[in-house]
file my_file23.cif (mmCIF, C-alpha atoms and all ligand atoms)
data_final
#
loop_
_atom_site.label_atom_id
_atom_site.label_comp_id
_atom_site.auth_asym_id
_atom_site.auth_seq_id
_atom_site.Cartn_x
_atom_site.Cartn_y
_atom_site.Cartn_z
CA MET A 1 -7.83 -20.54 -10.00
CA ILE A 2 -8.90 -19.69 -6.44
CA PRO A 3 -8.90 -21.39 -3.96
CA GLN A 4 -5.65 -23.15 -4.80
CA VAL A 5 -3.22 -25.22 -2.74
CA LEU A 6 0.37 -24.74 -3.89
CA SER A 7 3.02 -27.45 -3.80
CA SER A 8 4.56 -25.58 -0.84
CA GLY A 9 1.35 -26.23 1.11
CA LEU A 10 0.26 -22.59 0.94
CA LEU A 11 -3.45 -22.04 0.40
CA VAL A 12 -4.31 -19.11 -1.86
CA ARG A 13 -7.85 -17.93 -1.33
CA ARG A 14 -10.10 -14.92 -1.24
CA VAL A 15 -10.11 -12.81 1.93
CA GLY A 16 -13.15 -13.29 4.15
CA PRO A 17 -14.83 -11.61 7.12
CA GLY A 18 -12.85 -13.74 9.58
CA ASP A 19 -9.47 -12.45 8.34
CA ALA A 20 -9.25 -9.07 10.07
CA ALA A 21 -6.94 -10.25 12.87
CA GLY A 22 -4.80 -12.33 10.50
CA LEU A 23 -4.30 -9.37 8.15
CA GLN A 24 -3.38 -7.05 11.03
CA SER A 25 -0.93 -9.66 12.23
CA LEU A 26 0.70 -9.88 8.78
CA VAL A 27 1.18 -6.12 8.75
CA THR A 28 2.47 -5.83 12.32
CA ARG A 29 4.92 -8.72 11.77
CA SER A 30 6.28 -7.00 8.66
CA ASP A 31 9.39 -4.84 8.99
CA VAL A 32 9.20 -1.07 8.75
CA LEU A 33 10.69 -0.94 5.24
CA SER A 34 8.20 -3.48 3.87
CA ARG A 35 5.30 -1.56 5.37
CA TYR A 36 6.65 1.68 3.96
CA SER A 37 7.08 0.09 0.52
CA ARG A 38 3.54 -1.22 0.55
CA PHE A 39 1.73 1.78 2.00
CA HIS A 40 4.13 4.63 1.07
CA GLY A 41 3.92 5.91 4.63
CA ALA A 42 4.62 5.07 8.25
CA VAL A 43 1.87 2.50 8.73
CA SER A 44 2.13 0.11 11.67
CA ARG A 45 -1.43 -1.20 11.48
CA LEU A 46 -4.01 -1.34 8.72
CA PRO A 47 -6.41 1.60 9.08
CA SER A 48 -9.84 0.25 10.00
CA SER A 49 -11.45 1.81 6.90
CA TYR A 50 -9.04 -0.08 4.63
CA LEU A 51 -9.35 -3.30 6.65
CA HIS A 52 -13.11 -3.05 6.27
CA LEU A 53 -12.73 -2.78 2.47
CA LEU A 54 -10.50 -5.86 2.43
CA VAL A 55 -12.63 -8.17 4.52
CA ASP A 56 -16.19 -7.00 4.02
CA ARG A 57 -16.57 -5.85 0.44
CA PRO A 58 -17.45 -8.20 -2.42
CA ALA A 59 -14.77 -8.81 -5.07
CA SER A 60 -16.73 -6.64 -7.46
CA GLU A 61 -16.00 -3.64 -5.20
CA HIS A 62 -12.60 -4.49 -3.74
CA ASP A 63 -10.91 -7.79 -4.50
CA ALA A 64 -8.41 -9.23 -2.03
CA LEU A 65 -6.54 -12.55 -1.97
CA VAL A 66 -4.33 -14.07 0.69
CA ALA A 67 -1.89 -16.93 0.96
CA GLU A 68 -1.98 -18.79 4.25
CA LEU A 69 -0.02 -21.58 5.82
CA GLY A 70 -1.42 -23.46 8.79
CA GLY A 71 -4.02 -20.74 9.30
CA ARG A 72 -1.44 -17.91 9.30
CA ILE A 73 -1.76 -15.30 6.56
CA VAL A 74 1.65 -14.77 4.95
CA ALA A 75 0.76 -12.71 1.89
CA LEU A 76 -1.91 -10.27 0.78
CA GLY A 77 -2.73 -8.94 -2.65
CA ASP A 78 -5.59 -6.58 -3.34
CA LEU A 79 -7.11 -4.61 -6.17
CA GLY A 80 -9.20 -1.61 -5.32
CA PRO A 81 -11.07 0.83 -7.53
CA VAL A 82 -9.51 4.21 -8.32
CA PRO A 83 -12.08 6.89 -7.46
CA GLY A 84 -13.29 8.81 -10.47
CA GLU A 85 -11.59 6.45 -12.95
CA PRO A 86 -14.04 3.76 -14.03
CA GLY A 87 -12.37 0.56 -15.20
CA VAL A 88 -9.10 1.28 -13.35
CA VAL A 89 -8.00 -0.80 -10.35
CA GLU A 90 -4.87 -0.31 -8.24
CA VAL A 91 -2.84 -3.20 -6.89
CA GLY A 92 -1.25 -3.63 -3.47
CA LEU A 93 1.02 -6.54 -2.54
CA LEU A 94 2.66 -7.59 0.70
CA VAL A 95 4.49 -10.90 1.15
CA GLU A 96 6.04 -11.85 4.48
CA ALA A 97 9.84 -11.94 4.13
CA PRO A 98 10.45 -15.70 4.61
CA PHE A 99 7.94 -16.45 1.85
CA ARG A 100 9.43 -14.14 -0.79
CA ARG A 101 11.04 -15.18 -4.09
CA GLN A 102 8.71 -18.17 -4.42
CA GLY A 103 6.47 -16.52 -7.00
CA LEU A 104 3.71 -15.63 -4.54
CA ALA A 105 3.37 -11.96 -5.48
CA ARG A 106 3.35 -12.82 -9.17
CA LEU A 107 0.69 -15.47 -8.61
CA LEU A 108 -1.48 -13.09 -6.57
CA LEU A 109 -1.13 -10.33 -9.15
CA ASP A 110 -1.89 -12.69 -12.04
CA GLU A 111 -5.01 -14.01 -10.28
CA LEU A 112 -6.19 -10.54 -9.35
CA ALA A 113 -5.63 -9.30 -12.91
CA THR A 114 -7.53 -12.24 -14.42
CA ARG A 115 -10.41 -11.72 -12.01
CA ALA A 116 -10.51 -7.98 -12.68
CA ALA A 117 -10.55 -8.50 -16.45
CA ALA A 118 -13.43 -10.95 -16.03
CA ARG A 119 -15.32 -8.24 -14.14
CA GLY A 120 -14.81 -5.87 -17.06
CA MET A 121 -11.97 -3.82 -15.58
CA SER A 122 -9.56 -2.63 -18.26
CA VAL A 123 -6.52 -1.13 -16.53
CA LEU A 124 -4.41 -2.30 -13.62
CA ARG A 125 -2.33 0.42 -11.93
CA ALA A 126 0.75 -0.14 -9.80
CA VAL A 127 2.35 2.75 -7.95
CA VAL A 128 5.80 1.89 -6.67
CA LEU A 129 8.50 3.74 -4.71
CA HIS A 130 11.40 4.45 -7.08
CA GLU A 131 13.80 2.22 -5.18
CA HIS A 132 11.45 -0.77 -5.50
CA VAL A 133 10.78 -0.53 -9.23
CA PRO A 134 13.42 -3.20 -10.06
CA GLU A 135 11.68 -5.78 -7.86
CA VAL A 136 8.07 -4.85 -8.65
CA ARG A 137 8.28 -4.16 -12.39
CA PRO A 138 8.90 -7.86 -13.23
CA LEU A 139 5.68 -8.78 -11.45
CA LEU A 140 3.74 -7.07 -14.21
CA GLY A 141 5.12 -9.62 -16.65
CA ASP A 142 5.02 -8.92 -20.36
CA ARG A 143 1.61 -7.28 -20.36
CA PRO A 144 1.64 -4.06 -22.37
CA ILE A 145 2.26 -0.94 -20.30
CA VAL A 146 -0.25 1.56 -21.57
CA ARG A 147 0.89 4.47 -19.43
CA SER A 148 3.68 5.21 -17.01
CA TRP A 149 4.76 8.28 -15.10
CA VAL A 150 7.12 9.36 -12.36
CA ASP A 151 6.75 11.81 -9.54
CA GLU A 152 9.03 12.76 -6.67
CA SER A 153 8.90 9.45 -4.85
CA THR A 154 6.97 7.00 -6.99
CA HIS A 155 6.77 5.45 -10.41
CA GLY A 156 3.33 4.59 -11.75
CA PHE A 157 2.53 1.90 -14.28
CA GLU A 158 -0.73 1.01 -15.94
CA ILE A 159 -1.14 -2.29 -17.72
CA ALA A 160 -3.93 -3.33 -20.02
CA LEU A 161 -6.23 -6.02 -18.75
CA VAL A 162 -7.12 -8.27 -21.65
CA GLY A 163 -10.79 -8.02 -22.42
CA GLY A 164 -11.19 -4.56 -20.91
CA ASP A 165 -12.84 -1.89 -23.00
CA ARG A 166 -10.57 1.11 -22.27
CA VAL A 167 -7.40 -0.46 -23.62
CA GLU A 168 -7.46 0.96 -27.12
CA HIS A 169 -7.99 4.47 -25.79
CA LEU A 170 -5.24 4.10 -23.19
CA GLU A 171 -2.78 2.63 -25.65
CA LEU A 172 -3.17 5.77 -27.75
CA ARG A 173 -2.87 8.01 -24.70
CA GLY A 174 0.08 5.98 -23.35
CA SER A 175 2.07 6.05 -26.56
CA ALA A 176 1.75 9.82 -26.54
CA ARG A 177 3.00 10.14 -22.95
CA ARG A 178 5.64 7.44 -22.62
C1 LIG B 201 7.66 -6.84 -3.76
C2 LIG B 201 7.09 -8.13 -3.14
C3 LIG B 201 5.58 -8.03 -3.10
C4 LIG B 201 7.54 -9.31 -4.03
O1 LIG B 201 6.97 -10.50 -3.49
P1 LIG B 201 7.54 -11.96 -3.88
O2 LIG B 201 6.49 -12.96 -3.55
O3 LIG B 201 8.88 -12.17 -3.30
O4 LIG B 201 7.68 -11.81 -5.47
P2 LIG B 201 7.82 -13.03 -6.50
O5 LIG B 201 8.49 -14.19 -5.83
O6 LIG B 201 6.51 -13.30 -7.14
O7 LIG B 201 8.82 -12.39 -7.56
C5 LIG B 201 8.56 -12.41 -8.95
C6 LIG B 201 9.71 -11.69 -9.66
O8 LIG B 201 9.79 -10.33 -9.23
C7 LIG B 201 11.18 -9.93 -9.13
N1 LIG B 201 11.56 -9.70 -7.73
C8 LIG B 201 10.80 -9.93 -6.63
N2 LIG B 201 11.48 -9.55 -5.53
C9 LIG B 201 12.68 -9.09 -5.93
C10 LIG B 201 13.81 -8.55 -5.25
N3 LIG B 201 13.83 -8.40 -3.90
N4 LIG B 201 14.86 -8.17 -5.99
C11 LIG B 201 14.86 -8.29 -7.32
N5 LIG B 201 13.82 -8.78 -8.05
C12 LIG B 201 12.74 -9.18 -7.35
C13 LIG B 201 11.98 -11.10 -9.70
O9 LIG B 201 12.05 -10.90 -11.10
C14 LIG B 201 11.07 -12.28 -9.36
O10 LIG B 201 11.30 -13.40 -10.16
P3 LIG B 201 12.47 -14.43 -9.76
O11 LIG B 201 12.30 -14.76 -8.29
O12 LIG B 201 12.19 -15.62 -10.66
O13 LIG B 201 13.77 -13.75 -10.04
C15 LIG B 201 7.66 -8.37 -1.70
O14 LIG B 201 9.06 -8.24 -1.73
C16 LIG B 201 7.08 -7.44 -0.67
O15 LIG B 201 6.07 -7.72 -0.04
N6 LIG B 201 7.73 -6.25 -0.48
C17 LIG B 201 7.24 -5.27 0.49
C18 LIG B 201 5.96 -4.59 0.00
C19 LIG B 201 6.09 -4.04 -1.40
O16 LIG B 201 7.12 -3.51 -1.82
N7 LIG B 201 4.99 -4.13 -2.17
C20 LIG B 201 4.98 -3.71 -3.57
C21 LIG B 201 4.33 -2.40 -3.75
S1 LIG B 201 2.57 -2.51 -3.56
#
call {"tool": "encode", "arguments": {"input": "my_file23.cif", "output": "structure tokens"}}
result
Amino acid sequence: MIPQVLSSGLLVRRVGPGDAAGLQSLVTRSDVLSRYSRFHGAVSRLPSSYLHLLVDRPASEHDALVAELGGRIVALGDLGPVPGEPGVVEVGLLVEAPFRRQGLARLLLDELATRAAARGMSVLRAVVLHEHVPEVRPLLGDRPIVRSWVDESTHGFEIALVGGDRVEHLELRGSARR
């Protein structure tokens, strides 16, 4: 449930128009490897087009949640549409190093998935660098993986969002491809 105050004092809430500087600060404070893992490229700042999607678009178009402590954003999770693939949303997660292994990424992903299912989305996609699969795969929990694939540098997973209407079709497609 969002907004939510965790026992650690972190506030989990939806991103708003006033968060642009806080999100940039989260990214610039992150180490190079974390930024590379999140963006699959040498990103030192959020591109303005992506920042605009995060802070200005309604959840129905691009959903984004943050965790903040004392006004400082320490984690970001977002779910954006995949162009040309109705019902599919792709997740991005970035948690500042001192706040890791407290369940924040899992909480953000769970909230985003629940919200997406409620909006009628049926598939959540995660695309992960091969070397980070062991730490990201558990975040998907025990939801059924309806499709997965590998390419040169990444591993892709698609999980079914309960209540979505493409699941049956994807389960058939996934079982053929897995
Ligand atoms: C990957 C990332 C988002 C995880 O954030 P987090 O808040 O630490 O994750 P959680 O605390 O919710 O972890 C949930 C589970 O995932 C697994 N996990 C998370 N980080 C792990 C790690 N470094 N090594 C092994 N397993 C890990 C564990 O199973 C963990 O459960 P546990 O702590 O009870 O063992 C964070 O490390 C990060 O921001 N990395 C850089 C960006 C990135 O890789 N993003 C993912 C691709 S979009």
call {"tool": "closest_residue", "arguments": {"input": "my_file23.cif", "among": "A:Leu93, A:Leu10, A:Val123, A:Leu109", "to": "ligand LIG 201 (chain B)", "atoms": "only C-alpha atoms and all ligand atoms"}}
result
A:Leu93
call {"tool": "residues_around", "arguments": {"input": "my_file23.cif", "residues": "Val12 in chain A", "least_positions_apart": "6", "cutoff": "7 Å", "atoms": "all atoms listed in the file", "output": "JSON, numbers by chain"}}
result
{"A": [2, 3, 4, 5, 65, 66, 67, 68]}
call {"tool": "closest_residue", "arguments": {"input": "my_file23.cif", "among": "A:Gly16, A:Pro86, A:Gly71, A:Pro134", "to": "ligand LIG 201 (chain B)", "atoms": "only C-alpha atoms and all ligand atoms"}}
result
A:Pro134
call {"tool": "atom_distance", "arguments": {"input": "my_file23.cif", "atom1": "atom C5 of ligand LIG 201 (chain B)", "atom2": "CA of Gln102 in chain A"}}
result
7.3 Å
call {"tool": "atom_distance", "arguments": {"input": "my_file23.cif", "atom1": "atom N3 of ligand LIG 201 (chain B)", "atom2": "CA of Leu129 in chain A"}}
result
13.3 Å
call {"tool": "residues_around", "arguments": {"input": "my_file23.cif", "residues": "Pro17 in chain A", "least_positions_apart": "3", "cutoff": "8 Å", "atoms": "all atoms listed in the file", "output": "PDB file with C-alpha atoms, keeping the file's coordinate frame"}}
result
ATOM      1  CA  ALA A  20      -9.250  -9.070  10.070  1.00  0.00           C
ATOM      2  CA  VAL A  55     -12.630  -8.170   4.520  1.00  0.00           C
ATOM      3  CA  ASP A  56     -16.190  -7.000   4.020  1.00  0.00           C
TER       4      ASP A  56
END
call {"tool": "atom_distance", "arguments": {"input": "my_file23.cif", "atom1": "atom C8 of ligand LIG 201 (chain B)", "atom2": "CA of Ala64 in chain A"}}
result
19.8 Å
call {"tool": "axis_aligned_box", "arguments": {"input": "my_file23.cif", "around": "ligand LIG 201 (chain B)", "padding_each_side": "8 Å", "output": "lines of an AutoDock Vina configuration file"}}
result
center_x = 8.7
center_y = -9.0
center_z = -5.3
size_x = 28.3
size_y = 29.2
size_z = 27.6
call {"tool": "build_atoms", "arguments": {"input": "my_file23.cif", "residues": "range 22-54 of chain A", "atoms": "N, CA and C atoms", "output": "PDB file, in the coordinates of the input"}}
result
ATOM      1  N   GLY A  22      -5.911 -11.736  11.237  1.00  0.00           N
ATOM      2  CA  GLY A  22      -4.800 -12.330  10.500  1.00  0.00           C
ATOM      3  C   GLY A  22      -4.106 -11.314   9.599  1.00  0.00           C
ATOM      4  N   LEU A  23      -4.887 -10.412   9.015  1.00  0.00           N
ATOM      5  CA  LEU A  23      -4.300  -9.370   8.150  1.00  0.00           C
ATOM      6  C   LEU A  23      -3.520  -8.365   8.995  1.00  0.00           C
ATOM      7  N   GLN A  24      -4.101  -7.975  10.140  1.00  0.00           N
ATOM      8  CA  GLN A  24      -3.380  -7.050  11.030  1.00  0.00           C
ATOM      9  C   GLN A  24      -2.068  -7.688  11.471  1.00  0.00           C
ATOM     10  N   SER A  25      -2.126  -8.964  11.765  1.00  0.00           N
ATOM     11  CA  SER A  25      -0.930  -9.660  12.230  1.00  0.00           C
ATOM     12  C   SER A  25       0.139  -9.677  11.139  1.00  0.00           C
ATOM     13  N   LEU A  26      -0.263  -9.914   9.892  1.00  0.00           N
ATOM     14  CA  LEU A  26       0.700  -9.880   8.780  1.00  0.00           C
ATOM     15  C   LEU A  26       1.397  -8.516   8.726  1.00  0.00           C
ATOM     16  N   VAL A  27       0.616  -7.467   8.857  1.00  0.00           N
ATOM     17  CA  VAL A  27       1.180  -6.120   8.750  1.00  0.00           C
ATOM     18  C   VAL A  27       2.088  -5.814   9.952  1.00  0.00           C
ATOM     19  N   THR A  28       1.644  -6.161  11.143  1.00  0.00           N
ATOM     20  CA  THR A  28       2.470  -5.830  12.320  1.00  0.00           C
ATOM     21  C   THR A  28       3.735  -6.689  12.388  1.00  0.00           C
ATOM     22  N   ARG A  29       3.703  -7.884  11.826  1.00  0.00           N
ATOM     23  CA  ARG A  29       4.920  -8.720  11.770  1.00  0.00           C
ATOM     24  C   ARG A  29       5.908  -8.217  10.719  1.00  0.00           C
ATOM     25  N   SER A  30       5.410  -7.456   9.736  1.00  0.00           N
ATOM     26  CA  SER A  30       6.280  -7.000   8.660  1.00  0.00           C
ATOM     27  C   SER A  30       7.240  -5.924   9.170  1.00  0.00           C
ATOM     28  N   ASP A  31       8.426  -5.862   8.560  1.00  0.00           N
ATOM     29  CA  ASP A  31       9.390  -4.840   8.990  1.00  0.00           C
ATOM     30  C   ASP A  31       8.971  -3.462   8.470  1.00  0.00           C
ATOM     31  N   VAL A  32       9.577  -2.448   9.063  1.00  0.00           N
ATOM     32  CA  VAL A  32       9.200  -1.070   8.750  1.00  0.00           C
ATOM     33  C   VAL A  32       9.348  -0.766   7.258  1.00  0.00           C
ATOM     34  N   LEU A  33      10.439  -1.229   6.655  1.00  0.00           N
ATOM     35  CA  LEU A  33      10.690  -0.940   5.240  1.00  0.00           C
ATOM     36  C   LEU A  33       9.607  -1.566   4.354  1.00  0.00           C
ATOM     37  N   SER A  34       9.234  -2.812   4.670  1.00  0.00           N
ATOM     38  CA  SER A  34       8.200  -3.480   3.870  1.00  0.00           C
ATOM     39  C   SER A  34       6.872  -2.732   3.984  1.00  0.00           C
ATOM     40  N   ARG A  35       6.566  -2.294   5.199  1.00  0.00           N
ATOM     41  CA  ARG A  35       5.300  -1.560   5.370  1.00  0.00           C
ATOM     42  C   ARG A  35       5.361  -0.242   4.622  1.00  0.00           C
ATOM     43  N   TYR A  36       6.513   0.400   4.664  1.00  0.00           N
ATOM     44  CA  TYR A  36       6.650   1.680   3.960  1.00  0.00           C
ATOM     45  C   TYR A  36       6.524   1.456   2.450  1.00  0.00           C
ATOM     46  N   SER A  37       7.137   0.375   1.959  1.00  0.00           N
ATOM     47  CA  SER A  37       7.080   0.090   0.520  1.00  0.00           C
ATOM     48  C   SER A  37       5.636  -0.172   0.087  1.00  0.00           C
ATOM     49  N   ARG A  38       4.912  -0.873   0.928  1.00  0.00           N
ATOM     50  CA  ARG A  38       3.540  -1.220   0.550  1.00  0.00           C
ATOM     51  C   ARG A  38       2.604  -0.022   0.652  1.00  0.00           C
ATOM     52  N   PHE A  39       2.734   0.744   1.745  1.00  0.00           N
ATOM     53  CA  PHE A  39       1.730   1.780   2.000  1.00  0.00           C
ATOM     54  C   PHE A  39       2.241   3.200   1.732  1.00  0.00           C
ATOM     55  N   HIS A  40       3.530   3.332   1.388  1.00  0.00           N
ATOM     56  CA  HIS A  40       4.130   4.630   1.070  1.00  0.00           C
ATOM     57  C   HIS A  40       3.982   5.599   2.248  1.00  0.00           C
ATOM     58  N   GLY A  41       4.031   5.071   3.442  1.00  0.00           N
ATOM     59  CA  GLY A  41       3.920   5.910   4.630  1.00  0.00           C
ATOM     60  C   GLY A  41       4.223   5.080   5.864  1.00  0.00           C
ATOM     61  N   ALA A  42       4.289   5.754   6.999  1.00  0.00           N
ATOM     62  CA  ALA A  42       4.620   5.070   8.250  1.00  0.00           C
ATOM     63  C   ALA A  42       3.368   4.408   8.819  1.00  0.00           C
ATOM     64  N   VAL A  43       3.072   3.224   8.301  1.00  0.00           N
ATOM     65  CA  VAL A  43       1.870   2.500   8.730  1.00  0.00           C
ATOM     66  C   VAL A  43       2.296   1.330   9.598  1.00  0.00           C
ATOM     67  N   SER A  44       1.783   1.260  10.828  1.00  0.00           N
ATOM     68  CA  SER A  44       2.130   0.110  11.670  1.00  0.00           C
ATOM     69  C   SER A  44       0.965  -0.867  11.773  1.00  0.00           C
ATOM     70  N   ARG A  45      -0.224  -0.362  11.502  1.00  0.00           N
ATOM     71  CA  ARG A  45      -1.430  -1.200  11.480  1.00  0.00           C
ATOM     72  C   ARG A  45      -2.293  -0.781  10.302  1.00  0.00           C
ATOM     73  N   LEU A  46      -3.096  -1.707   9.801  1.00  0.00           N
ATOM     74  CA  LEU A  46      -4.010  -1.340   8.720  1.00  0.00           C
ATOM     75  C   LEU A  46      -5.079  -0.405   9.274  1.00  0.00           C
ATOM     76  N   PRO A  47      -5.309   0.725   8.648  1.00  0.00           N
ATOM     77  CA  PRO A  47      -6.410   1.600   9.080  1.00  0.00           C
ATOM     78  C   PRO A  47      -7.730   0.819   9.001  1.00  0.00           C
ATOM     79  N   SER A  48      -8.619   1.070   9.953  1.00  0.00           N
ATOM     80  CA  SER A  48      -9.840   0.250  10.000  1.00  0.00           C
ATOM     81  C   SER A  48     -10.685   0.422   8.737  1.00  0.00           C
ATOM     82  N   SER A  49     -10.643   1.608   8.119  1.00  0.00           N
ATOM     83  CA  SER A  49     -11.450   1.810   6.900  1.00  0.00           C
ATOM     84  C   SER A  49     -10.939   0.893   5.776  1.00  0.00           C
ATOM     85  N   TYR A  50      -9.619   0.766   5.672  1.00  0.00           N
ATOM     86  CA  TYR A  50      -9.040  -0.080   4.630  1.00  0.00           C
ATOM     87  C   TYR A  50      -9.272  -1.560   4.954  1.00  0.00           C
ATOM     88  N   LEU A  51      -9.104  -1.916   6.222  1.00  0.00           N
ATOM     89  CA  LEU A  51      -9.350  -3.300   6.650  1.00  0.00           C
ATOM     90  C   LEU A  51     -10.780  -3.710   6.316  1.00  0.00           C
ATOM     91  N   HIS A  52     -11.701  -2.797   6.557  1.00  0.00           N
ATOM     92  CA  HIS A  52     -13.110  -3.050   6.270  1.00  0.00           C
ATOM     93  C   HIS A  52     -13.306  -3.330   4.771  1.00  0.00           C
ATOM     94  N   LEU A  53     -12.624  -2.545   3.928  1.00  0.00           N
ATOM     95  CA  LEU A  53     -12.730  -2.780   2.470  1.00  0.00           C
ATOM     96  C   LEU A  53     -12.221  -4.173   2.122  1.00  0.00           C
ATOM     97  N   LEU A  54     -11.115  -4.561   2.759  1.00  0.00           N
ATOM     98  CA  LEU A  54     -10.500  -5.860   2.430  1.00  0.00           C
ATOM     99  C   LEU A  54     -11.395  -7.027   2.822  1.00  0.00           C
TER     100      LEU A  54
END
